[in-house]
Structures are given as structure tokens and as C-alpha cells.
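Undergrad: If you scroll down you'll find the structure; I have some questions about it.
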Amino acid sequence: MTTTLITGANKGLGHEAARRLIDAGHDVWVGARDAAAGARAAEALGARFVRLDVTDDASVAAAVDTVRAAGTGLDVLVNNAGVIGPRVAPRDTTAGDVAETYATNVFGVVRVTHAFLPLLEGSDNPVIVNVASGLGSLALTNDPGRVEHQVVSLGYPTSKTAVVALTDMYARALPGFRVNAVDPGYTATDLNGHSGHQTVAEGTDAIVALAQVGPDGPTRTFQDREGLVPW
């Protein structure tokens, strides 16, 4: 059985991805910063729960110990946890504002990936899926015909550009892995006050697909539910 860990999985895209992957036969670990919310979500889903705050070294290390002690191994890591961060106009944005967003969206990806690499390396088919955004695509944000072009912010979009770049580098550094980035699209979640036009099922299509790739599947790609997204 494929064992999958999803960060930020107590609600939204992470929760729906967990549900769908469980239906597909995965043994899923729900990672969540809020222990009570995460435990409730895992119980409702029929998943395992591990407390995991992606911004905290000790929390991530303890999560690795929990998964290792359970003896499940780890085949798939979905770096889903993310925040919008402070909503501040670019001219008023401080380094601290950007750092607050990067702490979860960028450094959290590196922290969790680094910590879980030894477990993933024990898999016959190690897979990493990084949840980015169309706002992280320089091609899309520079296309006046795209909605992404209308969003001008220093924190969230640039953090997702960094996630795409991290995906590129991890894929090149880990040739035995399948490492891909995902644009969920504008999906109705707490992150945007449920203003997105997509359902969480639609928003998780690419996550679920790339979490199930085989050893001959794609790597070093950026995809949404329709296919490839330009870098």
C-alpha cells in the first residue's frame, strides 16, 4: 500500500486530497498544526494523524519520529500547507511581512522535505508534490490576458514562484524521485474566503494525479488540472 503524508490536511485542498487518495487506496497521514482539528479530520477520513507545524523544526522532527515509529514508511509527500500572509500593498510591504509568508510557504517546504527525505528514500517509488499557484508562474503573471497578471503582491505570489523553483531543483537533485509542482487553480477554500470558482474536488485534480505517478511518470513539471503550466 502507498503511504502518503499531506501537510495542512485538516481542511481545504489538503483534506480533499486526503479523502480522494484514501479512496484510491493510499494509507494517508493527515499533517496539521492544530492537533484537535487534525485528529478530528483524520478520524472522519479514516486516516492517520500526525501533528506537524511546518514552521517549527522540533514539530517536524517529532512528526518524522511518529511516522517512522508507526512502521508505515513513506512513499508520497504532499507539501500543501500554505498561507496568504499579510495583505499589504507592495510599497508598504516590509521584509517582516514577506518573511511571515515565506516561513510557511517556502521554508516550510524545505524543512519538511529535508526531514522526510530519509523515509522517502526507503520507498520503491518516492514522490513529492509541491502545491504552488498560477501566481507563481512568471509566464502567467507577465501575460496581460491572464487573471494572474492582475495580482500585484510581494508575499504570496513570490513565495509560490519560489516553490516552483524549489521543485525544479529537487527534481534535478533527486533523479530517483518524481517531484512536481501543482497549480490548484482558484478554488473555494478558507485561504480566499471561499471566493474561488472551483470546487475543492476540481482544485485537487492535479494533486491527486501527481501523487499517484509511477516510477516512469513525469518529474520536474508544473501542472494544473488541464495539463502543463508554463514556468
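Each chain in the C-alpha cells gets a letter, A, B and so on, in the order shown; residues start at 1 in every chain, and ligands are counted from 1 in the order they appear.
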Quick one: residues within 8 Å of Val50 (chain A), only C-alpha atoms counted, chain neighbours fewer than 6 positions away excluded, as a ChimeraX atom specification?

TA: /A:29-32,35,38-39,63,66-67

Undergrad: Take the selection from the previous step and output its residues with N, CA, C and O atoms, as a short mmCIF file (atom, residue, chain, number, x, y, z; two decimals), in the first residue's frame.

TA:
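Generated output (again_1.cif):
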data_model
loop_
_atom_site.label_atom_id
_atom_site.label_comp_id
_atom_site.auth_asym_id
_atom_site.auth_seq_id
_atom_site.Cartn_x
_atom_site.Cartn_y
_atom_site.Cartn_z
N TRP A 29 -1.43 9.95 5.99
CA TRP A 29 -1.17 10.69 7.21
C TRP A 29 -1.66 12.12 7.01
O TRP A 29 -1.23 12.80 6.08
N VAL A 30 -2.57 12.55 7.87
CA VAL A 30 -3.03 13.93 7.88
C VAL A 30 -2.10 14.72 8.79
O VAL A 30 -2.05 14.50 10.00
N GLY A 31 -1.33 15.64 8.20
CA GLY A 31 -0.48 16.50 8.98
C GLY A 31 -1.19 17.82 9.24
O GLY A 31 -1.75 18.41 8.31
N ALA A 32 -1.20 18.28 10.48
CA ALA A 32 -1.87 19.53 10.81
C ALA A 32 -1.22 20.18 12.02
O ALA A 32 -0.79 19.49 12.95
N ALA A 35 -3.69 20.31 16.61
CA ALA A 35 -3.82 18.89 16.95
C ALA A 35 -5.27 18.45 17.02
O ALA A 35 -5.62 17.37 16.53
N GLY A 38 -6.80 18.47 13.47
CA GLY A 38 -6.19 17.42 12.68
C GLY A 38 -6.66 16.04 13.08
O GLY A 38 -6.94 15.19 12.22
N ALA A 39 -6.77 15.79 14.38
CA ALA A 39 -7.24 14.49 14.86
C ALA A 39 -8.68 14.24 14.44
O ALA A 39 -9.04 13.12 14.05
N ALA A 63 7.31 14.74 14.06
CA ALA A 63 6.44 14.09 13.09
C ALA A 63 7.16 12.97 12.36
O ALA A 63 6.60 11.90 12.12
N THR A 66 7.26 10.04 14.62
CA THR A 66 5.94 9.39 14.71
C THR A 66 5.70 8.48 13.52
O THR A 66 5.27 7.32 13.67
N VAL A 67 5.98 8.98 12.33
CA VAL A 67 5.76 8.17 11.12
C VAL A 67 6.72 6.99 11.10
O VAL A 67 6.33 5.85 10.79
#

Undergrad: For region 47-49 of chain A, work out the shell of residues within 12 Å, counting only C-alpha atoms and skipping chain neighbours fewer than 6 positions away, then give it as an NGL selection string.

TA: :A and (3-10 or 15 or 17-23 or 25-41 or 63 or 66-67 or 70 or 72)

Undergrad: DSSP on the backbone: what in region 13-50 of chain A comes out helix (DSSP H, G or I), as a list in words?

TA: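 The helix (DSSP H, G or I) subset of region 13-50 of chain A is Leu13, Gly14, His15, Glu16, Ala17, Ala18, Arg19, Arg20, Leu21, Ile22, Asp23, Ala35, Ala36, Ala37, Gly38, Ala39, Arg40, Ala41, Ala42, Glu43, Ala44 and Leu45 of chain A.
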
Undergrad: Taking 4 positions as the minimum chain separation for residues in the same chain, which residues sit within 9 Å of Gln223 (chain A) when counting only C-alpha atoms? Answer as a list of chain:residue names.

TA: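 With the cut-off at 9 Å, the set is A:Asn180, A:Ala181, A:Val182, A:Asp183, A:Pro184, A:Ala206, A:Ile207, A:Leu210, A:Gly227, A:Leu228, A:Val229, A:Pro230.
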
Undergrad: Taking only C-alpha atoms into account, which of A:Thr161, A:Thr101, A:Leu13, A:Tyr170 comes nearest Trp231 (chain A)?

TA: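 Result for the nearest residue to Trp231 (chain A): A:Thr161.
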